[in-house]
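Contents: one structure, followed by commentary.
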Amino acid sequence: MTKKSFLVKTVLMSMLTAVTFSFASCSDDDDMMAENVMYHKAGAEMVAKSITGVWYAAYKASGTAVSDNNDGKSIDYAHAFDVYEFHEDGTGSFHRHFISEGDRTPELSWGKEGKGDFTYTSTADGQVKVTLRNGQGLPYDGQWSMNYREKDGNIVATGADNSNITLTPASESMKEVFDEWNDDTRHATRYGAAAAGAASVNKPGIDIIDTYGLLVRFTGALLGKYGEGYICGMMVGDHRELVEIPEFLNCGLINAPLQYRIIGIDSWAFRGHNHIKRLTIAPSVLYIGREAFKNCTGLVDVQLNPVELGDGAFKGCTALESVNISDASTLNKIGKDCFNGCTRLSSFQFPLTVNVIGDRAFKGCSNLMSATFGMHLTTIGKETFSGCSKLLSVYFPSQLETIDDEAFRYCVKLVSIDIPIGIRKIGKKAFADCSKLSSVSPYQFEYHTEMATDAFEHTPMLHKPTVKK
């Protein structure tokens with residue numbers, strides 16, 4: 001094959017700091033020195049465990065590479081797509097995919113420049129030193145560094161042009177696409193499709209939509225004349241404050257659907273993108289994946305129409321004030337930790353269709369003042385509203401069956417509550433430490449009710465509720 005040449009603007013180098021530990025001076029104390037060594041080792045092992053898995057970044061990088069079609073032609077590319085896989089034993093692999101523009105026929109630059117194996121070491125302060133081995137002509141020599149940031153769970157590096165590169169963990173669905181890339185370079189386009197043949201449209205893959213700064217995972221399924229798509233990430237360096245996820249996104253590529261119909265957002269897709277302030281999601285987007293917007297600390301306003309809200313979907317969004325869910329939503333479950341730590345969220349309108357609120361879903365929402373549940377709610381999970389220190393009123397539907405352990409613990413502004421007489425379970429410390437809770441109705445529950453003896457511990461009630469014997 002003709003030797004490939006290219007220019008890549010971004011070289012991964014980083015001196016950022018994230019996870020920190022402090023140690024006492026112990027020059028003459030062998031025991032203390034041994035203890036420090038142990039802590040250092042434990043911290044390094046923690047970082048290595050945290051980064052184990054597949055990570056990716058898509059960004060702009062211009063240059064020229066020879067086509068992989070063995071035709072001797074060169075292509076001008078405008079994007080790079082990096083995939084890293086870290087193993088817990090200190091080894092890993094790296095692939096870089098170059099994507100052309102112009103007619104935007106899918107192309108990759110593999111061969112000597114496109115891949116390599118590496119070893120890495122990690123330290124307790126989050127630094128990750130990567131040493132390339134069996135490297136095939138990559139544009140940096142030998143070793144480079146990154147940093148794992150515990151606060152948002154991403155890996156961050158600084159490029160040669162001083163731009164930040166954020167590596168995001170890949171969802172299971174994205175890993176399937178990457179595996180296909182690695183297994184068969186002739187089908188390794190971002191669509192997972194060969195350069196020719198209409199049948200290739202049915203292969204899954206990943207597309208870059210510049211106009212919106214979004215990455216789309218094509219599932220390989222066709223919905224009529226449209227391709228089924230999930231938003232799986234953002235372009236590195238795209239710092240727009242308003243993110244719009246429309247129902248349709250244009251593709252217009254050879255052997256790919258003309259449009260994608262967006263039906264979901266992948267796990268971790270926007271995690272740690274703290275530049276986002278407003279989020280508008282089309283009604284067609286029904287599935288919000290696990291930790292999809294976790295630690296988007298600038299996010300203030302969200303509009304959506306979900307059927308499914310994954311665990312930790314908006315966890316740690318400390319600026320989030322408003323969540324507007326469409327009246328047409330058929331949401332039936334709010335996942336664990338979904339809004340955990342959203343300290344500015346003051347109200348939440350639960351869709352009528354919700355029947356389960358997961359563990360810790362609103363834990364620590366210290367500005368939440370009221371909670372009105374729909375008539376179909378049956379289960380409130382463990383610690384769901386624990387620490388909601390401004391919660392003044394709660395209205396339970398008659399079909400409610402379970403208030404689990406510590407569900408309303410430390411809700412110090414609650415004064416009175418009405419619990420359905422037919423409830424089946426009131427868990428351990430469910431309303432413990434509600435320091436103003438003085439009235440609970442009814443005073444006596446039915447025989448079948450399972451109520452923990454400490455359910456109302458440390459409350460000012462003179463007569464705590466009982467169960468019929």
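In the structure tokens, each chain is lettered A, B, ... as it comes, each chain's residues begin at 1, and ligands are numbered from 1 in order of appearance.
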Excluding Asp117 in chain A and residues on its chain fewer than 6 positions from it, collect all residues at most 9 Å away from it, counting only C-alpha atoms, and give them as a list in words.
Thr91, Gly92, Ser93, Phe94, His95, Thr131, Leu132, Arg133, Asn134 and Gly135 of chain A
Please save N, CA and C atoms of the selected residues as an mmCIF file, in the first residue's frame.
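Written output follows (selection_16.cif):
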data_model
loop_
_atom_site.group_PDB
_atom_site.id
_atom_site.type_symbol
_atom_site.label_atom_id
_atom_site.label_comp_id
_atom_site.auth_asym_id
_atom_site.auth_seq_id
_atom_site.Cartn_x
_atom_site.Cartn_y
_atom_site.Cartn_z
ATOM 1 N N THR A 91 -2.784 -2.419 30.189
ATOM 2 C CA THR A 91 -2.588 -2.451 28.738
ATOM 3 C C THR A 91 -3.826 -1.872 28.061
ATOM 4 N N GLY A 92 -3.721 -1.624 26.765
ATOM 5 C CA GLY A 92 -4.868 -1.089 26.046
ATOM 6 C C GLY A 92 -4.600 -1.017 24.559
ATOM 7 N N SER A 93 -5.596 -0.560 23.813
ATOM 8 C CA SER A 93 -5.455 -0.403 22.373
ATOM 9 C C SER A 93 -6.096 0.910 21.941
ATOM 10 N N PHE A 94 -5.640 1.397 20.788
ATOM 11 C CA PHE A 94 -6.052 2.713 20.296
ATOM 12 C C PHE A 94 -6.313 2.631 18.800
ATOM 13 N N HIS A 95 -7.413 3.250 18.367
ATOM 14 C CA HIS A 95 -7.687 3.372 16.932
ATOM 15 C C HIS A 95 -8.097 4.799 16.626
ATOM 16 N N THR A 131 2.026 4.783 27.142
ATOM 17 C CA THR A 131 3.211 4.513 26.336
ATOM 18 C C THR A 131 2.836 3.610 25.182
ATOM 19 N N LEU A 132 2.999 4.108 23.964
ATOM 20 C CA LEU A 132 2.622 3.358 22.775
ATOM 21 C C LEU A 132 3.628 2.242 22.523
ATOM 22 N N ARG A 133 3.115 1.076 22.189
ATOM 23 C CA ARG A 133 3.981 -0.025 21.767
ATOM 24 C C ARG A 133 3.390 -0.598 20.486
ATOM 25 N N ASN A 134 4.223 -1.131 19.642
ATOM 26 C CA ASN A 134 3.761 -1.600 18.332
ATOM 27 C C ASN A 134 3.009 -0.491 17.606
ATOM 28 N N GLY A 135 3.380 0.757 17.892
ATOM 29 C CA GLY A 135 2.695 1.885 17.271
ATOM 30 C C GLY A 135 2.998 1.940 15.792
#
Residues within 6 Å of Lys294 in chain A, only C-alpha atoms, excluding chain neighbours under 4 positions, as an mmCIF file with N, CA and C atoms, in the first residue's frame:
data_model
loop_
_atom_site.group_PDB
_atom_site.id
_atom_site.type_symbol
_atom_site.label_atom_id
_atom_site.label_comp_id
_atom_site.auth_asym_id
_atom_site.auth_seq_id
_atom_site.Cartn_x
_atom_site.Cartn_y
_atom_site.Cartn_z
ATOM 1 N N ARG A 271 -22.453 13.519 29.286
ATOM 2 C CA ARG A 271 -21.952 13.579 30.658
ATOM 3 C C ARG A 271 -20.807 14.579 30.797
ATOM 4 N N ALA A 313 -29.821 9.946 35.082
ATOM 5 C CA ALA A 313 -29.873 10.690 33.816
ATOM 6 C C ALA A 313 -29.484 12.159 33.974
ATOM 7 N N PHE A 314 -29.919 12.799 35.066
ATOM 8 C CA PHE A 314 -29.604 14.217 35.304
ATOM 9 C C PHE A 314 -28.914 14.402 36.660
ATOM 10 N N LYS A 315 -28.295 13.382 37.140
ATOM 11 C CA LYS A 315 -27.635 13.444 38.445
ATOM 12 C C LYS A 315 -26.555 14.523 38.470
ATOM 13 N N GLY A 316 -26.539 15.301 39.539
ATOM 14 C CA GLY A 316 -25.486 16.300 39.695
ATOM 15 C C GLY A 316 -25.639 17.524 38.817
#
Can you list, as a list in words, every protein, DNA or RNA residue that comes within 8 Å of Lys382 in chain A when you count only C-alpha atoms, leaving out same-chain residues fewer than 4 positions away?
Gly358, Asp359, Arg360, Ile403, Asp404, Asp405, Glu406 and Ala407 of chain A
Neighbouring residues of range 414-431 of chain A were defined as those with any atom within 6 Å, considering only C-alpha atoms; residues of the same chain fewer than 4 positions away were excluded. Please report them as a CSV table (one decimal) with C-alpha atoms, in the first residue's frame.
chain,number,residue,atom,x,y,z
A,392,LEU,CA,-43.4,21.4,52.5
A,398,SER,CA,-54.7,6.0,46.9
A,401,GLU,CA,-48.2,0.5,48.0
A,402,THR,CA,-44.6,1.1,49.1
A,403,ILE,CA,-42.7,4.0,50.8
A,404,ASP,CA,-39.3,2.4,51.1
A,405,ASP,CA,-36.5,2.9,53.6
A,406,GLU,CA,-35.5,6.5,54.4
A,407,ALA,CA,-37.7,7.8,51.5
A,408,PHE,CA,-38.4,11.1,53.2
A,409,ARG,CA,-35.7,11.2,55.9
A,436,LYS,CA,-41.5,19.3,62.2
A,437,LEU,CA,-43.7,16.3,61.3
A,438,SER,CA,-46.4,16.4,63.9
A,439,SER,CA,-49.4,14.9,62.1
A,440,VAL,CA,-49.8,11.7,60.2
A,441,SER,CA,-53.1,10.3,59.0
A,445,PHE,CA,-53.1,1.1,59.3
A,449,THR,CA,-49.3,-3.1,56.3
A,450,GLU,CA,-45.7,-3.7,57.1
A,451,MET,CA,-44.4,-0.7,59.0
A,452,ALA,CA,-40.9,-0.5,60.5
A,454,ASP,CA,-38.4,3.3,63.4
A,455,ALA,CA,-40.4,4.7,60.4
A,456,PHE,CA,-41.2,7.9,62.3
Pro306 in chain A: which residues within 7 Å, counting only C-alpha atoms, same-chain residues fewer than 4 positions away excluded, as a list in words?
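Contacts, with the query itself left out: Val285, Leu286, Tyr287, Ile288, Ser329 and Leu331 of chain A.
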With N, CA, C and O atoms retained, could you export that selection as a compact mmCIF listing (two decimals), in the first residue's frame?
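The resulting file, result22.txt, is shown below:
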# COMPACT_ATOMS: atom_id res chain seq x y z
N VAL A 285 -38.11 11.61 20.84
CA VAL A 285 -37.03 11.05 21.65
C VAL A 285 -37.63 10.50 22.93
O VAL A 285 -37.97 11.23 23.85
N LEU A 286 -37.76 9.19 22.99
CA LEU A 286 -38.49 8.54 24.08
C LEU A 286 -37.58 7.95 25.15
O LEU A 286 -38.04 7.71 26.27
N TYR A 287 -36.32 7.71 24.83
CA TYR A 287 -35.44 7.00 25.75
C TYR A 287 -34.24 7.86 26.14
O TYR A 287 -33.47 8.28 25.27
N ILE A 288 -34.10 8.13 27.42
CA ILE A 288 -32.95 8.89 27.94
C ILE A 288 -32.10 7.90 28.72
O ILE A 288 -32.53 7.36 29.74
N SER A 329 -46.65 12.51 27.68
CA SER A 329 -45.66 11.52 28.07
C SER A 329 -46.31 10.29 28.68
O SER A 329 -47.28 10.38 29.44
N LEU A 331 -44.34 8.17 30.47
CA LEU A 331 -43.27 7.75 31.38
C LEU A 331 -43.85 6.92 32.53
O LEU A 331 -44.80 7.34 33.19
